[in-house]
$ cat input05.txt   # compact mmCIF, C-alpha atoms
# COMPACT_ATOMS: atom_id res chain seq x y z
CA MET A 594 58.09 207.36 162.94
CA ASN A 595 61.82 208.25 162.72
CA GLU A 596 64.59 205.95 163.94
CA ARG A 597 65.31 208.00 167.08
CA SER A 598 61.68 207.96 168.22
CA SER A 599 61.50 204.23 167.54
CA THR A 600 64.64 203.63 169.63
CA ILE A 601 63.32 205.68 172.57
CA GLY A 602 59.98 203.89 172.31
CA ASP A 603 61.65 200.45 172.37
CA LEU A 604 63.82 201.48 175.33
CA LEU A 605 60.76 202.65 177.30
CA LYS A 606 58.82 199.50 176.45
CA GLY A 607 61.74 197.39 177.63
CA ALA A 608 61.82 199.37 180.88
CA VAL A 609 58.10 198.71 181.46
CA ILE A 610 58.66 194.96 180.90
CA GLY A 611 61.63 195.03 183.28
CA VAL A 612 59.64 196.77 186.02
CA ALA A 613 56.73 194.36 185.53
CA ASN A 614 59.08 191.41 186.03
CA ILE A 615 60.27 192.86 189.34
CA ILE A 616 56.80 193.01 190.89
CA PRO A 617 55.10 189.78 192.04
CA GLY A 618 51.66 189.42 190.47
CA VAL A 619 52.44 191.64 187.48
CA SER A 620 53.14 189.89 184.18
CA GLY A 621 55.89 191.00 181.84
CA GLY A 622 54.10 189.10 179.05
CA THR A 623 50.96 191.14 179.70
CA MET A 624 52.96 194.35 179.36
CA MET A 625 54.38 193.09 176.04
CA VAL A 626 50.85 192.52 174.71
CA SER A 627 49.56 195.81 176.11
CA MET A 628 52.26 197.76 174.28
CA GLY A 629 51.60 195.98 170.99
CA ILE A 630 54.99 194.27 170.71
CA TYR A 631 54.20 190.69 171.76
CA ASP A 632 53.98 189.18 168.26
CA LYS A 633 57.06 191.10 167.13
CA LEU A 634 59.05 190.05 170.18
CA ILE A 635 58.15 186.37 169.79
CA TYR A 636 59.06 186.53 166.08
CA SER A 637 62.35 188.27 166.90
CA ILE A 638 63.32 185.61 169.45
CA THR A 639 62.42 182.64 167.25
CA HIS A 640 64.07 184.14 164.14
CA LEU A 641 67.08 185.61 165.91
CA PHE A 642 69.66 183.92 163.69
CA SER A 643 67.73 183.71 160.43
CA ASP A 644 66.61 187.37 160.33
CA TRP A 645 69.29 189.07 162.43
CA LYS A 646 69.77 192.18 160.26
CA LYS A 647 66.08 193.06 160.52
CA ILE A 648 65.52 192.51 164.25
CA TRP A 649 68.79 193.16 166.08
CA ARG A 650 68.11 196.85 166.81
CA PHE A 651 64.64 196.12 168.22
CA LEU A 652 65.91 193.34 170.52
CA LEU A 653 68.94 195.39 171.58
CA TRP A 654 66.95 198.38 172.87
CA ILE A 655 64.20 196.26 174.40
CA GLY A 656 66.91 194.25 176.20
CA ILE A 657 68.74 197.37 177.40
CA GLY A 658 65.46 198.79 178.74
CA ILE A 659 64.70 195.56 180.63
CA VAL A 660 68.17 195.32 182.18
CA LEU A 661 68.33 199.01 183.14
CA ALA A 662 64.89 198.87 184.76
CA ILE A 663 65.77 195.78 186.80
CA LEU A 664 69.14 197.18 187.90
CA LEU A 665 68.08 200.76 188.57
CA LEU A 666 64.46 200.45 189.70
CA SER A 667 64.33 197.22 191.72
CA LYS A 668 64.98 199.13 194.96
CA VAL A 669 62.55 201.91 194.00
CA PHE A 670 59.66 199.54 193.39
CA THR A 671 60.48 197.48 196.46
CA PHE A 672 60.13 200.75 198.41
CA LEU A 673 56.90 201.74 196.62
CA LEU A 674 55.30 198.34 197.16
CA GLU A 675 56.22 198.39 200.84
CA TYR A 676 55.00 201.91 201.63
CA TYR A 677 52.52 202.71 198.82
CA PRO A 678 51.16 199.33 197.66
CA ILE A 679 47.67 200.55 196.71
CA PRO A 680 48.64 203.38 194.30
CA THR A 681 51.53 201.33 192.86
CA ASN A 682 49.37 198.32 192.08
CA LEU A 683 46.51 200.47 190.77
CA ALA A 684 48.97 202.10 188.35
CA PHE A 685 49.80 198.67 186.95
CA CYS A 686 46.10 197.82 186.74
CA GLY A 687 45.67 200.95 184.62
CA LEU A 688 48.56 199.91 182.36
CA ILE A 689 47.02 196.47 181.89
CA LEU A 690 43.38 197.45 181.35
CA GLY A 691 44.37 200.37 179.14
CA SER A 692 45.81 197.85 176.70
CA LEU A 693 42.59 195.87 176.19
CA PRO A 694 41.04 198.09 173.47
CA SER A 695 44.08 197.60 171.21
CA ILE A 696 44.37 193.87 172.00
CA THR A 697 40.72 193.16 171.18
CA GLN A 698 41.40 194.37 167.63
CA ASN A 699 43.11 191.01 167.10
CA VAL A 700 39.78 189.17 167.57
CA LYS A 701 37.56 191.73 165.85
CA GLY A 702 34.90 190.00 163.80
CA SER A 703 35.24 186.64 165.56
CA ARG A 704 31.99 185.14 166.79
CA LEU A 705 31.32 183.94 170.31
CA SER A 706 31.60 180.16 170.31
CA ALA A 707 33.16 177.36 172.32
CA LYS A 708 36.50 178.08 170.60
CA THR A 709 36.51 181.66 171.90
CA VAL A 710 34.60 181.50 175.20
CA ILE A 711 36.34 178.42 176.63
CA PRO A 712 39.93 179.79 176.30
CA PHE A 713 38.80 183.11 177.83
CA VAL A 714 37.05 181.49 180.81
CA LEU A 715 39.75 178.87 181.45
CA PHE A 716 42.64 181.34 181.44
CA PHE A 717 40.71 183.96 183.44
CA ALA A 718 39.94 181.33 186.09
CA PHE A 719 43.54 180.05 186.04
CA ILE A 720 45.00 183.47 186.91
CA VAL A 721 42.48 184.16 189.70
CA PHE A 722 42.94 180.64 191.13
CA THR A 723 46.75 181.02 191.04
CA ALA A 724 46.48 184.34 192.90
CA LEU A 725 44.24 182.80 195.57
CA LEU A 726 46.48 179.75 195.88
CA GLY A 727 49.76 181.62 196.15
CA GLU A 728 49.04 183.69 199.24
CA GLY A 729 52.28 182.66 200.89
CA SER A 730 55.68 183.50 199.53
CA GLY A 731 57.13 180.13 200.49
CA HIS A 732 60.42 179.65 202.32
CA ASP A 733 63.35 181.54 200.85
CA VAL A 734 66.15 179.23 199.80
CA GLN A 735 69.77 179.65 200.78
CA ILE A 736 71.74 179.91 197.55
CA LYS A 737 74.93 177.85 197.48
CA LEU A 738 77.43 177.83 194.65
CA ASP A 739 78.01 174.09 194.64
CA LEU A 740 77.03 171.82 191.71
CA PHE A 741 73.47 171.31 192.96
CA GLY A 742 73.01 175.02 193.65
CA ILE A 743 74.25 176.03 190.19
CA VAL A 744 72.02 173.44 188.47
CA MET A 745 69.03 174.67 190.49
CA LEU A 746 69.77 178.29 189.52
CA PHE A 747 69.76 177.24 185.87
CA ILE A 748 66.43 175.36 186.25
CA VAL A 749 64.85 178.24 188.16
CA GLY A 750 66.04 180.60 185.41
CA VAL A 751 64.39 178.42 182.74
CA ILE A 752 61.06 178.28 184.63
CA SER A 753 60.96 181.96 185.57
CA ALA A 754 61.85 183.15 182.05
CA ALA A 755 59.24 180.89 180.45
CA THR A 756 56.52 182.25 182.75
CA MET A 757 57.68 185.84 182.22
CA VAL A 758 56.90 185.54 178.49
CA ILE A 759 53.38 184.12 178.98
CA PRO A 760 50.80 186.95 179.23
CA GLY A 761 49.01 187.06 182.57
CA VAL A 762 51.52 184.85 184.35
CA SER A 763 53.94 186.56 186.73
CA GLY A 764 57.52 185.31 186.51
CA SER A 765 58.39 187.06 189.77
CA MET A 766 55.43 185.35 191.48
CA MET A 767 56.75 182.02 190.23
CA LEU A 768 60.16 182.89 191.70
CA MET A 769 58.45 183.74 194.98
CA LEU A 770 56.61 180.42 195.08
CA MET A 771 59.91 178.59 194.47
CA GLY A 772 61.59 180.59 197.24
CA TYR A 773 64.07 182.36 194.95
CA TYR A 774 62.45 185.80 194.59
CA GLN A 775 64.02 187.56 197.59
CA PRO A 776 67.44 185.82 197.23
CA ILE A 777 67.66 186.84 193.55
CA LEU A 778 66.51 190.40 194.33
CA ASN A 779 69.06 190.59 197.17
CA THR A 780 71.78 189.33 194.82
CA ILE A 781 70.98 192.06 192.27
CA SER A 782 71.09 194.69 195.02
CA LEU A 783 74.36 193.30 196.40
CA GLY A 784 75.86 193.20 192.91
CA ILE A 785 75.06 196.88 192.32
CA ASP A 786 76.50 197.88 195.71
CA SER A 787 79.60 195.73 195.13
CA LEU A 788 80.17 197.31 191.72
CA ILE A 789 79.87 200.82 193.17
CA HIS A 790 82.29 200.04 196.03
CA PHE A 791 84.61 197.77 193.96
CA ASP A 792 83.97 194.87 196.34
CA LEU A 793 85.52 192.12 194.18
CA PRO A 794 84.73 189.05 196.38
CA ASN A 795 81.01 189.88 196.60
CA LEU A 796 80.96 190.87 192.93
CA LEU A 797 82.38 187.47 191.97
CA TRP A 798 79.83 185.71 194.18
CA CYS A 799 76.98 187.65 192.53
CA ALA A 800 78.37 186.72 189.11
CA GLY A 801 78.44 183.07 190.21
CA VAL A 802 74.73 183.31 191.03
CA GLY A 803 73.76 185.48 188.06
CA ILE A 804 75.48 183.59 185.21
CA PRO A 805 73.70 180.19 185.56
CA PHE A 806 70.40 181.97 186.33
CA ALA A 807 70.75 184.23 183.26
CA PHE A 808 71.75 181.28 181.04
CA GLY A 809 68.65 179.41 182.21
CA MET A 810 66.52 182.46 181.39
CA VAL A 811 67.87 182.58 177.84
CA VAL A 812 67.08 178.87 177.33
CA GLY A 813 63.59 179.32 178.85
CA ILE A 814 62.75 182.31 176.67
CA PHE A 815 63.77 180.56 173.45
CA ALA A 816 61.90 177.36 174.36
CA ILE A 817 58.61 179.05 175.28
CA ALA A 818 58.81 181.47 172.32
CA LYS A 819 58.97 178.53 169.90
CA LEU A 820 55.94 176.94 171.56
CA ILE A 821 53.96 180.20 171.50
CA GLU A 822 54.81 180.80 167.82
CA TRP A 823 53.50 177.31 166.99
CA ILE A 824 50.27 177.91 168.95
CA PHE A 825 49.66 181.24 167.18
CA ALA A 826 50.27 179.62 163.80
CA LYS A 827 47.67 176.92 164.52
CA TRP A 828 45.04 178.68 166.68
CA LYS A 829 45.55 182.44 166.49
CA VAL A 830 42.01 183.60 167.39
CA PRO A 831 41.48 181.15 170.31
CA ALA A 832 44.99 182.03 171.53
CA TYR A 833 44.14 185.73 171.58
CA TRP A 834 40.89 185.03 173.44
CA GLY A 835 42.97 183.12 175.99
CA ILE A 836 45.34 186.10 176.26
CA ILE A 837 42.38 188.46 176.74
CA GLY A 838 41.20 186.19 179.55
CA LEU A 839 44.67 186.26 181.13
CA ILE A 840 44.92 190.03 180.85
CA SER A 841 41.37 190.67 182.11
CA ALA A 842 42.11 188.55 185.19
CA SER A 843 45.50 190.15 185.90
CA PRO A 844 44.12 193.25 187.69
CA VAL A 845 41.94 190.95 189.82
CA ALA A 846 45.02 188.92 190.75
CA ILE A 847 47.05 192.06 191.48
CA LEU A 848 44.35 193.53 193.73
CA LEU A 849 44.00 190.21 195.56
CA LYS A 850 47.74 190.37 196.26
CA THR A 851 47.71 194.04 197.29
CA ASP A 852 48.32 194.87 200.95
CA TRP A 853 45.18 196.82 201.91
CA ALA A 854 46.19 197.29 205.57
CA GLY A 855 47.25 200.90 204.98
CA PHE A 856 44.09 201.86 203.08
CA SER A 857 43.11 205.53 203.26
CA ILE A 858 41.02 207.91 201.16
CA LEU A 859 44.21 209.75 200.13
CA GLN A 860 45.85 206.54 198.88
CA LEU A 861 42.65 205.67 197.01
CA VAL A 862 42.49 209.10 195.35
CA ILE A 863 46.17 208.89 194.36
CA GLY A 864 45.54 205.32 193.18
CA ILE A 865 42.68 206.41 190.92
CA ALA A 866 44.84 209.20 189.49
CA VAL A 867 47.79 206.90 188.71
CA PHE A 868 45.36 204.28 187.36
CA GLY A 869 44.30 206.89 184.81
CA LEU A 870 47.93 207.73 184.05
CA GLY A 871 48.67 204.04 183.60
CA TRP A 872 45.75 203.70 181.18
CA PHE A 873 46.98 206.74 179.21
CA ALA A 874 50.58 205.41 179.20
CA ALA A 875 49.40 202.03 177.86
CA ASP A 876 47.59 203.76 175.01
CA ARG A 877 50.62 205.90 174.16
CA LEU A 878 53.13 203.03 174.38
CA ALA A 879 50.97 200.88 172.09
CA LYS A 880 51.26 203.62 169.44
CA MET A 881 55.03 204.19 169.74
$ encode --input "input05.txt" --output "C-alpha cells"
Amino acid sequence: MNERSSTIGDLLKGAVIGVANIIPGVSGGTMMVSMGIYDKLIYSITHLFSDWKKIWRFLLWIGIGIVLAILLLSKVFTFLLEYYPIPTNLAFCGLILGSLPSITQNVKGSRLSAKTVIPFVLFFAFIVFTALLGEGSGHDVQIKLDLFGIVMLFIVGVISAATMVIPGVSGSMMLMLMGYYQPILNTISLGIDSLIHFDLPNLLWCAGVGIPFAFGMVVGIFAIAKLIEWIFAKWKVPAYWGIIGLISASPVAILLKTDWAGFSILQLVIGIAVFGLGWFAADRLAKM
C-alpha cells in the first residue's frame, strides 16, 4: 500500500471513530477493533514519546479524521437519528458485525475453556445490562465556567475518553448518563456557528468549555491505554474473547436503544440495505 492510500485510509478510519463517538450506544473502541487498528492505536498512544518518528503520521491522520467527523457530522447524525433511527442504527450494526470475522483471527486455535468462555459471557452480559439500565438520558447539567464547573468538565472528559477507548462501551452513552451529552453537543454546534459568524464572546465561552474537557480526554485516553496495554501483555487471548463478547453484544445494545416508533417496511428494507453496506465497509476498512 502506498503512502497516499495509507493516509486516506487512516483519515477515513478516524472519521468512523469520530462518528461512532457522537452516537449514544455506539462504541468508538468497537470501531477501532473492527477496522483492525486497535492494537496499533493503543501502542501509538502508550509509546507516543518513545517512538514518535514511527507513529506520528498515523496518529495525526486518525486524529484529524476524528475531529473533522465530530465537527462536520454531529448535526448530520443528530438529524439521521431523529428522523431515520432504524436505518442509521442498522448501518452501525453492519459495521460492527462485519468486523467479527477479522477479529476472531486473534483467537484462532484457542480452545473453549473457562478462560475464554467466562470473559465472553461476562462482557456480553455487561453491555446488554448497561443498555437495559440506561434507558433514561438523565438530567442535562447546566455548564458553568466557575472553578467547580471547570473541574467537573475535566473529570467528565477523563471518564468519557476512557470509555470511548474500551471496545463495546459507548463514551457518548456515558456522557448522556452523566447529563453532559446534549450540553457538549450543543457547545460544539455553537462553537461552529460562532466561528462562521465571528461571534467572539460565544467563541470564547465555547473555548472555556472545550479546553478543560479536551484536556481531561487526553489524560483519560493515556491512562486507559496504559491499562489496556498491560492487560494485553498479560492475558491477550482472554482479553480478545472479552472484546468479542463486547462487540457481539453491541448490536443488541444499539437495537435496544433504537426508537422503533416510526417502524415501516420501507425503513426496514433501507435498514437491511445499509446493514449490508456497513458490513462491506467494515471489511474494506479492515484491509486499508
$ atom_distance --input "input05.txt" --atom1 "atom CA of A:Trp654" --atom2 "atom CA of A:Val612"
15.1 Å
$ atom_distance --input "input05.txt" --atom1 "atom CA of A:Ala832" --atom2 "atom CA of A:Ile615"
25.8 Å
$ closest_residue --input "input05.txt" --among "A:Gly871, A:Gly772, A:Gly656, A:Gly838" --to "A:Val710" --atoms "all atoms listed in the file"
A:Gly838
$ closest_residue --input "input05.txt" --among "A:Pro678, A:Gly607, A:Gly602, A:Gly835" --to "A:Lys850" --atoms "only C-alpha atoms"
A:Pro678
$ residues_around --input "input05.txt" --residues "A:Thr681" --least-positions-apart "2" --cutoff "10 Å" --atoms "all atoms listed in the file" --output "PyMOL selection string"
chain A and resi 670+673-679+683-686+851+860+863-864+867-868
$ residues_around --input "input05.txt" --residues "stretch 619-625 of chain A" --least-positions-apart "4" --cutoff "7 Å" --atoms "all atoms listed in the file" --output "PyMOL selection string"
chain A and resi 610+613-614+629-631+689+757-764+840+847
$ closest_atom_pairs --input "input05.txt" --of "stretch 759-828 of chain A" --to "stretch 666-669 of chain A" --cutoff "10 Å" --atoms "all atoms listed in the file" --output "tab-separated table"
residue	atom	partner	partner_atom	distance
A:Leu778	CA	A:Ser667	CA	7.6
A:Asn779	CA	A:Lys668	CA	9.7
A:Ile781	CA	A:Ser667	CA	8.4
A:Ser782	CA	A:Lys668	CA	7.6
$ write_last_selection --input "input05.txt" --atoms "C-alpha atoms" --output "PDB file, keeping the file's coordinate frame"
ATOM      1  CA  LEU A 778      66.510 190.400 194.330  1.00  0.00           C
ATOM      2  CA  ASN A 779      69.060 190.590 197.170  1.00  0.00           C
ATOM      3  CA  ILE A 781      70.980 192.060 192.270  1.00  0.00           C
ATOM      4  CA  SER A 782      71.090 194.690 195.020  1.00  0.00           C
TER       5      SER A 782
END
